[in-house]
Amino acid sequence: MPARSAARRLVTAPGGRRSKWLVLGVWLILALALGPLAGKLGDVEETGANAFLPGGAESAQVNTELEKFRGEDEIIPAVAVYSRDGERTTSADAAKARADRAKFTPHAAEGEKTSGPVPSQDRKALMLVVPLPTGGDTDITDTLKELRTVAAAHAPPGLDVQVGGPAGSLTDNVEVFDDLDSTLMLATGAVVAVLLLLTYRSPVLWLLPLLSVGFAAVLTQVVTYVLAKYASLPVDPQSSGILMVLVFGVGTDYALLLIARYREELHATEDRHAAMRTALRRSGPAILASAGTIAVGLACLALADINSSRSLGLVGAVGVVCAFLAMITVLPALLVATGRWVFWPFVPRYGTAPRESRTAWARIGALIARRPRWSWLMAVAATALLALSATGITLGLTEEEKFQEKPESVVAQEKIAAHFPSGSTDPATVVVRTQARAEVMSAAKAVPGVESVRPDDRTADGKLTSLAVTLRDAPDSDAAKDTVDRLRDKVHAVEGADALVGGTTAEDVDTRSAAERDLRTVIPAVLAVVLLVLIWLLRSLVAPLVLLATVVLSFFGALGASNLLFEHVLGYAGVDRSIPLMGFVFLVALGIDYNIFLMTRVREEVATGRRHARGVLTGLTTTGGVITSAGIVLAATFAVFATMPLVTMAQLGVLVGIGVLLDTFLVRTVLVPALALDLGRVLWWPGALWRNRDVPEQERPVPGKEPVGV
């Protein structure tokens, strides 16, 4: 008992008369002391070759082995291509290419030469290959920009010049994430501010949740930075960008729930401090369960093979925990410190009826109560119809299809593919023991789809040799991936060679295989974790199974609806392979949020003596407004991703946004309440609420009669 009493005092401390100032003081000191660390998150982001690859993949092993060849001074080729639209290149074009070669040479790695200009067989293009160093103090993106500036200057009329190749692709991908954190934070903050203004229609109240989320964002960045620097937490630019959107979205959801419950208590309690303590005690378990479900669900991505998925899950879990801590401490303290007037012009007066009892949610509940079985069957049918569109989904994007607008590296690759062997600028890399080099080269040359094989480099001790294997097809094509599979089979069969095949195409092959494995591994883990949390929270087995089934159905409905948008509206060629897994984890974890908010309130109402059906409708009525607002805010924050230049992030934003709206307006509003009414008290089996036989199991409210909110 003393421990429970101490825990209760700790939880309600932000609502105390004196302790609220202590809470605010601690947060202010933390923000001032730790704020400088928040800006250092970019310093610990992993942008290396293996950051987005499966951890134990063969291509990742090749990248690790290549470090033995040149130490830190790895080489990545930049490729300049000169072409005319359907015409042969001229002597002036060749002179331009030779002049550029002279200017490119100082940027080449030590001991390496710029090759070319090499004419294509059709004489319609010229190509230069510049081996750029990536180690030491060299900034490959700055070097590539200089090359592009040189290539674009003084070109003869009609000559198109693009600089791409692996160095160009790396630069264009890095630029996508330049200033991404600040851009997303500003955009998300603006969206949240506007929606809070519309929700509360108060000139002041909206500032408090936004300020609290700001504290959460600072804490999140600091904790993530410290864990990345000292505890090897994996962080990459993509997970870092998504992190801020997640913190803003989840934090605002918790703020909306707490403020709604606090305002409700202000109608029944004269002392605002007592009202906040009651609000924290009653809404705290739901917020804790929500944060725990999302955090543990995201943490399940630690089981993924793909490094970027693992990073996103672990970093996201950190963000949710920090958002939870901020919203149950600094926000309550700010609310009680400012007083009732902060709600102006809709100030909750003591002794007046809450506005929730007079909203449209009571009428919606009454409509569902008239025919609950028909209601949930129609909701299931509508969602299943959307889900059918997911059966025709095309997984996988080429390098060209990963961007909303083609970057220069993609245009360069298209030009190269049109005039040269497609794989000439980005060959596969084979690392072998030197004594088996000749045998491996012979085996590789015999593979269908291989254009040529040549020795590339040797380690200082001479034990390992790297081979450059030029493929006939474009590096990101299905034909090239099939060639890599055949190549691996052949070189692995050479005894004593210990051959490993890497390169861009091999990385795509490994990522595809890992994505399929991750789906089979992570999804069952997420479902099990969410189910256990719901069983603990609701003290039931039937209700958690029902809620989990509705969220899974909602995910497939959202995936189908998103696929329709991707294919027929946005014009995407397919869906990135990472989207189904990340979308599932986000939507199950976030979607169950609203079911938790609804069903914990329903359980509270039933446990305090209301009949089951009346408790369901009261829960729907009292939580309807806040959950709808929370869903709109969360969907809008993820919709910010749709403006990003990277298709993968845009697709994730659209999928999560549609899924959250589907959960908000169909699953939580119609499907779950209708199922709860149709099942009756069986919903609570085998818990205490089911065992209470004092209330008829299939009791129904009088149609049209509104339930009264608490």
# chains A, B, ... in the order shown; residues from 1 in each chain; ligands from 1
$ select_by_dssp --residues "segment 186-433 of chain A" --states "helix (DSSP H, G or I)" --output "number ranges by chain"
A: 186-200, 207-230, 237-268, 272-303, 307-327, 330-338, 340-343, 355-358, 360-370, 372-392, 400-402, 408-419
$ residues_around --residues "segment 376-389 of chain A" --least-positions-apart "6" --cutoff "12 Å" --atoms "only C-alpha atoms" --output "MDAnalysis selection string"
chainID A and resid 368:370 546 549:568 658:659 662:663 665:679
$ select_by_dssp --residues "segment 379-478 of chain A" --states "strand (DSSP E)" --output "PyMOL selection string"
chain A and resi 428-433+450-458+464-471
$ write_last_selection --atoms "N, CA, C and O atoms" --output "mmCIF file, in the first residue's frame"
data_model
loop_
_atom_site.group_PDB
_atom_site.id
_atom_site.type_symbol
_atom_site.label_atom_id
_atom_site.label_comp_id
_atom_site.auth_asym_id
_atom_site.auth_seq_id
_atom_site.Cartn_x
_atom_site.Cartn_y
_atom_site.Cartn_z
ATOM 1 N N ALA A 428 28.916 -5.035 -60.487
ATOM 2 C CA ALA A 428 28.892 -5.831 -59.266
ATOM 3 C C ALA A 428 30.325 -6.032 -58.793
ATOM 4 O O ALA A 428 31.263 -6.021 -59.593
ATOM 5 N N THR A 429 30.490 -6.177 -57.483
ATOM 6 C CA THR A 429 31.821 -6.363 -56.904
ATOM 7 C C THR A 429 31.923 -7.757 -56.310
ATOM 8 O O THR A 429 31.055 -8.165 -55.526
ATOM 9 N N VAL A 430 32.963 -8.468 -56.679
ATOM 10 C CA VAL A 430 33.209 -9.799 -56.129
ATOM 11 C C VAL A 430 34.531 -9.763 -55.370
ATOM 12 O O VAL A 430 35.561 -9.356 -55.921
ATOM 13 N N VAL A 431 34.496 -10.150 -54.108
ATOM 14 C CA VAL A 431 35.709 -10.221 -53.292
ATOM 15 C C VAL A 431 36.078 -11.693 -53.127
ATOM 16 O O VAL A 431 35.243 -12.507 -52.700
ATOM 17 N N VAL A 432 37.311 -12.057 -53.489
ATOM 18 C CA VAL A 432 37.746 -13.459 -53.452
ATOM 19 C C VAL A 432 39.151 -13.552 -52.857
ATOM 20 O O VAL A 432 39.887 -12.551 -52.782
ATOM 21 N N ARG A 433 39.509 -14.750 -52.452
ATOM 22 C CA ARG A 433 40.899 -15.000 -52.076
ATOM 23 C C ARG A 433 41.754 -14.971 -53.348
ATOM 24 O O ARG A 433 41.389 -15.535 -54.372
ATOM 25 N N VAL A 450 26.347 -11.511 -67.786
ATOM 26 C CA VAL A 450 27.595 -10.839 -67.428
ATOM 27 C C VAL A 450 28.269 -10.342 -68.700
ATOM 28 O O VAL A 450 28.508 -11.114 -69.634
ATOM 29 N N GLU A 451 28.580 -9.052 -68.752
ATOM 30 C CA GLU A 451 29.219 -8.443 -69.914
ATOM 31 C C GLU A 451 30.732 -8.651 -69.886
ATOM 32 O O GLU A 451 31.343 -9.026 -70.889
ATOM 33 N N SER A 452 31.353 -8.397 -68.743
ATOM 34 C CA SER A 452 32.808 -8.538 -68.641
ATOM 35 C C SER A 452 33.208 -8.658 -67.178
ATOM 36 O O SER A 452 32.446 -8.292 -66.278
ATOM 37 N N VAL A 453 34.437 -9.189 -66.973
ATOM 38 C CA VAL A 453 34.985 -9.333 -65.626
ATOM 39 C C VAL A 453 36.439 -8.882 -65.667
ATOM 40 O O VAL A 453 37.198 -9.275 -66.553
ATOM 41 N N ARG A 454 36.838 -8.045 -64.700
ATOM 42 C CA ARG A 454 38.232 -7.592 -64.657
ATOM 43 C C ARG A 454 38.672 -7.443 -63.200
ATOM 44 O O ARG A 454 37.866 -7.101 -62.325
ATOM 45 N N PRO A 455 39.960 -7.702 -62.933
ATOM 46 C CA PRO A 455 40.478 -7.448 -61.577
ATOM 47 C C PRO A 455 40.422 -5.954 -61.280
ATOM 48 O O PRO A 455 40.694 -5.128 -62.162
ATOM 49 N N ASP A 456 40.084 -5.608 -60.023
ATOM 50 C CA ASP A 456 39.924 -4.195 -59.679
ATOM 51 C C ASP A 456 40.967 -3.729 -58.677
ATOM 52 O O ASP A 456 41.572 -2.676 -58.843
ATOM 53 N N ASP A 457 41.186 -4.510 -57.621
ATOM 54 C CA ASP A 457 42.119 -4.057 -56.585
ATOM 55 C C ASP A 457 42.535 -5.256 -55.739
ATOM 56 O O ASP A 457 41.943 -6.342 -55.830
ATOM 57 N N ARG A 458 43.573 -5.048 -54.919
ATOM 58 C CA ARG A 458 44.078 -6.104 -54.053
ATOM 59 C C ARG A 458 44.443 -5.484 -52.706
ATOM 60 O O ARG A 458 44.884 -4.328 -52.640
ATOM 61 N N LEU A 464 43.454 -10.813 -50.532
ATOM 62 C CA LEU A 464 42.130 -10.661 -51.141
ATOM 63 C C LEU A 464 42.222 -9.837 -52.411
ATOM 64 O O LEU A 464 43.032 -8.908 -52.514
ATOM 65 N N THR A 465 41.377 -10.182 -53.376
ATOM 66 C CA THR A 465 41.280 -9.436 -54.633
ATOM 67 C C THR A 465 39.820 -9.099 -54.887
ATOM 68 O O THR A 465 38.934 -9.921 -54.633
ATOM 69 N N SER A 466 39.580 -7.885 -55.390
ATOM 70 C CA SER A 466 38.221 -7.514 -55.785
ATOM 71 C C SER A 466 38.124 -7.533 -57.301
ATOM 72 O O SER A 466 39.054 -7.129 -58.008
ATOM 73 N N LEU A 467 36.991 -8.034 -57.781
ATOM 74 C CA LEU A 467 36.720 -8.101 -59.214
ATOM 75 C C LEU A 467 35.539 -7.203 -59.548
ATOM 76 O O LEU A 467 34.550 -7.162 -58.798
ATOM 77 N N ALA A 468 35.641 -6.489 -60.666
ATOM 78 C CA ALA A 468 34.526 -5.678 -61.157
ATOM 79 C C ALA A 468 33.805 -6.473 -62.243
ATOM 80 O O ALA A 468 34.397 -6.803 -63.278
ATOM 81 N N VAL A 469 32.542 -6.785 -62.006
ATOM 82 C CA VAL A 469 31.754 -7.595 -62.939
ATOM 83 C C VAL A 469 30.690 -6.697 -63.568
ATOM 84 O O VAL A 469 29.741 -6.270 -62.896
ATOM 85 N N THR A 470 30.853 -6.394 -64.837
ATOM 86 C CA THR A 470 29.899 -5.541 -65.545
ATOM 87 C C THR A 470 28.710 -6.373 -66.022
ATOM 88 O O THR A 470 28.885 -7.408 -66.676
ATOM 89 N N LEU A 471 27.506 -5.919 -65.682
ATOM 90 C CA LEU A 471 26.284 -6.620 -66.075
ATOM 91 C C LEU A 471 25.713 -5.990 -67.339
ATOM 92 O O LEU A 471 25.899 -4.794 -67.594
#
$ residues_around --residues "Ser477 of chain A" --least-positions-apart "5" --cutoff "9 Å" --atoms "only C-alpha atoms" --output "PDB file with N, CA and C atoms, in the first residue's frame"
ATOM      1  N   THR A 398      12.430   0.931 -58.673  1.00  0.00           N
ATOM      2  CA  THR A 398      13.762   1.125 -59.228  1.00  0.00           C
ATOM      3  C   THR A 398      14.322   2.436 -58.692  1.00  0.00           C
ATOM      4  N   ASP A 482      18.482 -11.055 -61.356  1.00  0.00           N
ATOM      5  CA  ASP A 482      18.567 -12.485 -61.691  1.00  0.00           C
ATOM      6  C   ASP A 482      20.003 -12.880 -62.026  1.00  0.00           C
ATOM      7  N   THR A 505      23.304  -3.782 -57.195  1.00  0.00           N
ATOM      8  CA  THR A 505      22.298  -4.785 -57.555  1.00  0.00           C
ATOM      9  C   THR A 505      22.195  -5.859 -56.484  1.00  0.00           C
TER      10      THR A 505
END
$ residues_around --residues "Leu128 of chain A" --least-positions-apart "6" --cutoff "12 Å" --atoms "only C-alpha atoms" --output "number ranges by chain"
A: 77-83, 94, 96-105, 108, 113-120, 147, 151, 161-165, 412, 416, 424-425
$ closest_residue --among "A:Thr643, A:Ser629, A:Ser311, A:Gln121" --to "Thr199 of chain A" --atoms "only C-alpha atoms"
A:Ser629
$ closest_residue --among "A:Val626, A:Leu314, A:Ala480, A:Ala360" --to "Arg263 of chain A" --atoms "only C-alpha atoms"
A:Val626
$ closest_residue --among "A:Gly502, A:Pro580, A:Pro645, A:Gly615" --to "Leu66 of chain A" --atoms "only C-alpha atoms"
A:Gly502
$ closest_residue --among "A:Ala153, A:Val509, A:Ile242, A:Val633" --to "Gly396 of chain A" --atoms "only C-alpha atoms"
A:Val509
$ closest_residue --among "A:Pro54, A:Gly687, A:Gly15, A:Gly35" --to "Thr338 of chain A" --atoms "only C-alpha atoms"
A:Gly15
$ decode --residues "segment 625-638 of chain A" --atoms "all heavy atoms" --output "JSON list (two decimals), in the first residue's frame"
[["chain", "number", "residue", "atom", "x", "y", "z"],
["A", 625, "GLY", "N", -15.40, 13.06, -29.55],
["A", 625, "GLY", "CA", -14.80, 14.31, -30.02],
["A", 625, "GLY", "C", -13.29, 14.30, -29.94],
["A", 625, "GLY", "O", -12.59, 14.66, -30.88],
["A", 626, "VAL", "N", -12.77, 13.87, -28.78],
["A", 626, "VAL", "CA", -11.32, 13.93, -28.59],
["A", 626, "VAL", "C", -10.60, 12.93, -29.49],
["A", 626, "VAL", "O", -9.54, 13.23, -30.05],
["A", 626, "VAL", "CB", -10.96, 13.70, -27.11],
["A", 626, "VAL", "CG1", -11.38, 12.31, -26.64],
["A", 626, "VAL", "CG2", -9.46, 13.87, -26.90],
["A", 627, "ILE", "N", -11.16, 11.72, -29.66],
["A", 627, "ILE", "CA", -10.50, 10.73, -30.51],
["A", 627, "ILE", "C", -10.53, 11.17, -31.96],
["A", 627, "ILE", "O", -9.56, 10.99, -32.71],
["A", 627, "ILE", "CB", -11.14, 9.35, -30.33],
["A", 627, "ILE", "CG1", -10.88, 8.82, -28.92],
["A", 627, "ILE", "CG2", -10.60, 8.36, -31.36],
["A", 627, "ILE", "CD1", -11.50, 7.47, -28.63],
["A", 628, "THR", "N", -11.62, 11.77, -32.39],
["A", 628, "THR", "CA", -11.71, 12.27, -33.76],
["A", 628, "THR", "C", -10.67, 13.36, -34.00],
["A", 628, "THR", "O", -9.97, 13.37, -35.01],
["A", 628, "THR", "CB", -13.11, 12.79, -34.06],
["A", 628, "THR", "OG1", -14.05, 11.73, -33.89],
["A", 628, "THR", "CG2", -13.20, 13.32, -35.48],
["A", 629, "SER", "N", -10.57, 14.28, -33.04],
["A", 629, "SER", "CA", -9.57, 15.35, -33.16],
["A", 629, "SER", "C", -8.17, 14.77, -33.19],
["A", 629, "SER", "O", -7.32, 15.18, -33.99],
["A", 629, "SER", "CB", -9.71, 16.33, -31.99],
["A", 629, "SER", "OG", -10.98, 16.94, -31.98],
["A", 630, "ALA", "N", -7.92, 13.79, -32.30],
["A", 630, "ALA", "CA", -6.60, 13.17, -32.25],
["A", 630, "ALA", "C", -6.27, 12.46, -33.56],
["A", 630, "ALA", "O", -5.15, 12.55, -34.06],
["A", 630, "ALA", "CB", -6.53, 12.18, -31.09],
["A", 631, "GLY", "N", -7.26, 11.76, -34.12],
["A", 631, "GLY", "CA", -7.04, 11.07, -35.38],
["A", 631, "GLY", "C", -6.73, 12.02, -36.52],
["A", 631, "GLY", "O", -5.84, 11.76, -37.35],
["A", 632, "ILE", "N", -7.45, 13.13, -36.58],
["A", 632, "ILE", "CA", -7.21, 14.11, -37.64],
["A", 632, "ILE", "C", -5.82, 14.71, -37.50],
["A", 632, "ILE", "O", -5.08, 14.88, -38.49],
["A", 632, "ILE", "CB", -8.29, 15.20, -37.60],
["A", 632, "ILE", "CG1", -9.64, 14.61, -38.00],
["A", 632, "ILE", "CG2", -7.93, 16.36, -38.52],
["A", 632, "ILE", "CD1", -10.81, 15.57, -37.83],
["A", 633, "VAL", "N", -5.42, 15.03, -36.25],
["A", 633, "VAL", "CA", -4.09, 15.60, -36.02],
["A", 633, "VAL", "C", -3.01, 14.62, -36.42],
["A", 633, "VAL", "O", -2.04, 14.96, -37.12],
["A", 633, "VAL", "CB", -3.93, 16.02, -34.55],
["A", 633, "VAL", "CG1", -2.47, 16.34, -34.24],
["A", 633, "VAL", "CG2", -4.81, 17.22, -34.23],
["A", 634, "LEU", "N", -3.14, 13.36, -36.00],
["A", 634, "LEU", "CA", -2.12, 12.37, -36.30],
["A", 634, "LEU", "C", -2.03, 12.11, -37.81],
["A", 634, "LEU", "O", -0.94, 12.01, -38.37],
["A", 634, "LEU", "CB", -2.42, 11.07, -35.55],
["A", 634, "LEU", "CG", -1.32, 10.00, -35.60],
["A", 634, "LEU", "CD1", -0.04, 10.52, -34.96],
["A", 634, "LEU", "CD2", -1.77, 8.73, -34.87],
["A", 635, "ALA", "N", -3.18, 11.99, -38.46],
["A", 635, "ALA", "CA", -3.19, 11.77, -39.90],
["A", 635, "ALA", "C", -2.56, 12.95, -40.64],
["A", 635, "ALA", "O", -1.79, 12.76, -41.60],
["A", 635, "ALA", "CB", -4.61, 11.54, -40.39],
["A", 636, "ALA", "N", -2.85, 14.16, -40.18],
["A", 636, "ALA", "CA", -2.31, 15.36, -40.83],
["A", 636, "ALA", "C", -0.80, 15.45, -40.65],
["A", 636, "ALA", "O", -0.08, 15.86, -41.57],
["A", 636, "ALA", "CB", -2.99, 16.61, -40.28],
["A", 637, "THR", "N", -0.30, 15.05, -39.47],
["A", 637, "THR", "CA", 1.15, 15.12, -39.26],
["A", 637, "THR", "C", 1.87, 14.13, -40.17],
["A", 637, "THR", "O", 2.91, 14.47, -40.76],
["A", 637, "THR", "CB", 1.51, 14.82, -37.79],
["A", 637, "THR", "OG1", 0.93, 13.57, -37.40],
["A", 637, "THR", "CG2", 1.00, 15.91, -36.88],
["A", 638, "PHE", "N", 1.34, 12.94, -40.32],
["A", 638, "PHE", "CA", 1.98, 11.98, -41.22],
["A", 638, "PHE", "C", 1.79, 12.37, -42.68],
["A", 638, "PHE", "O", 2.61, 12.01, -43.53],
["A", 638, "PHE", "CB", 1.45, 10.56, -40.97],
["A", 638, "PHE", "CG", 2.21, 9.82, -39.91],
["A", 638, "PHE", "CD1", 1.81, 9.90, -38.58],
["A", 638, "PHE", "CD2", 3.32, 9.09, -40.22],
["A", 638, "PHE", "CE1", 2.52, 9.24, -37.59],
["A", 638, "PHE", "CE2", 4.05, 8.42, -39.24],
["A", 638, "PHE", "CZ", 3.64, 8.50, -37.92]]
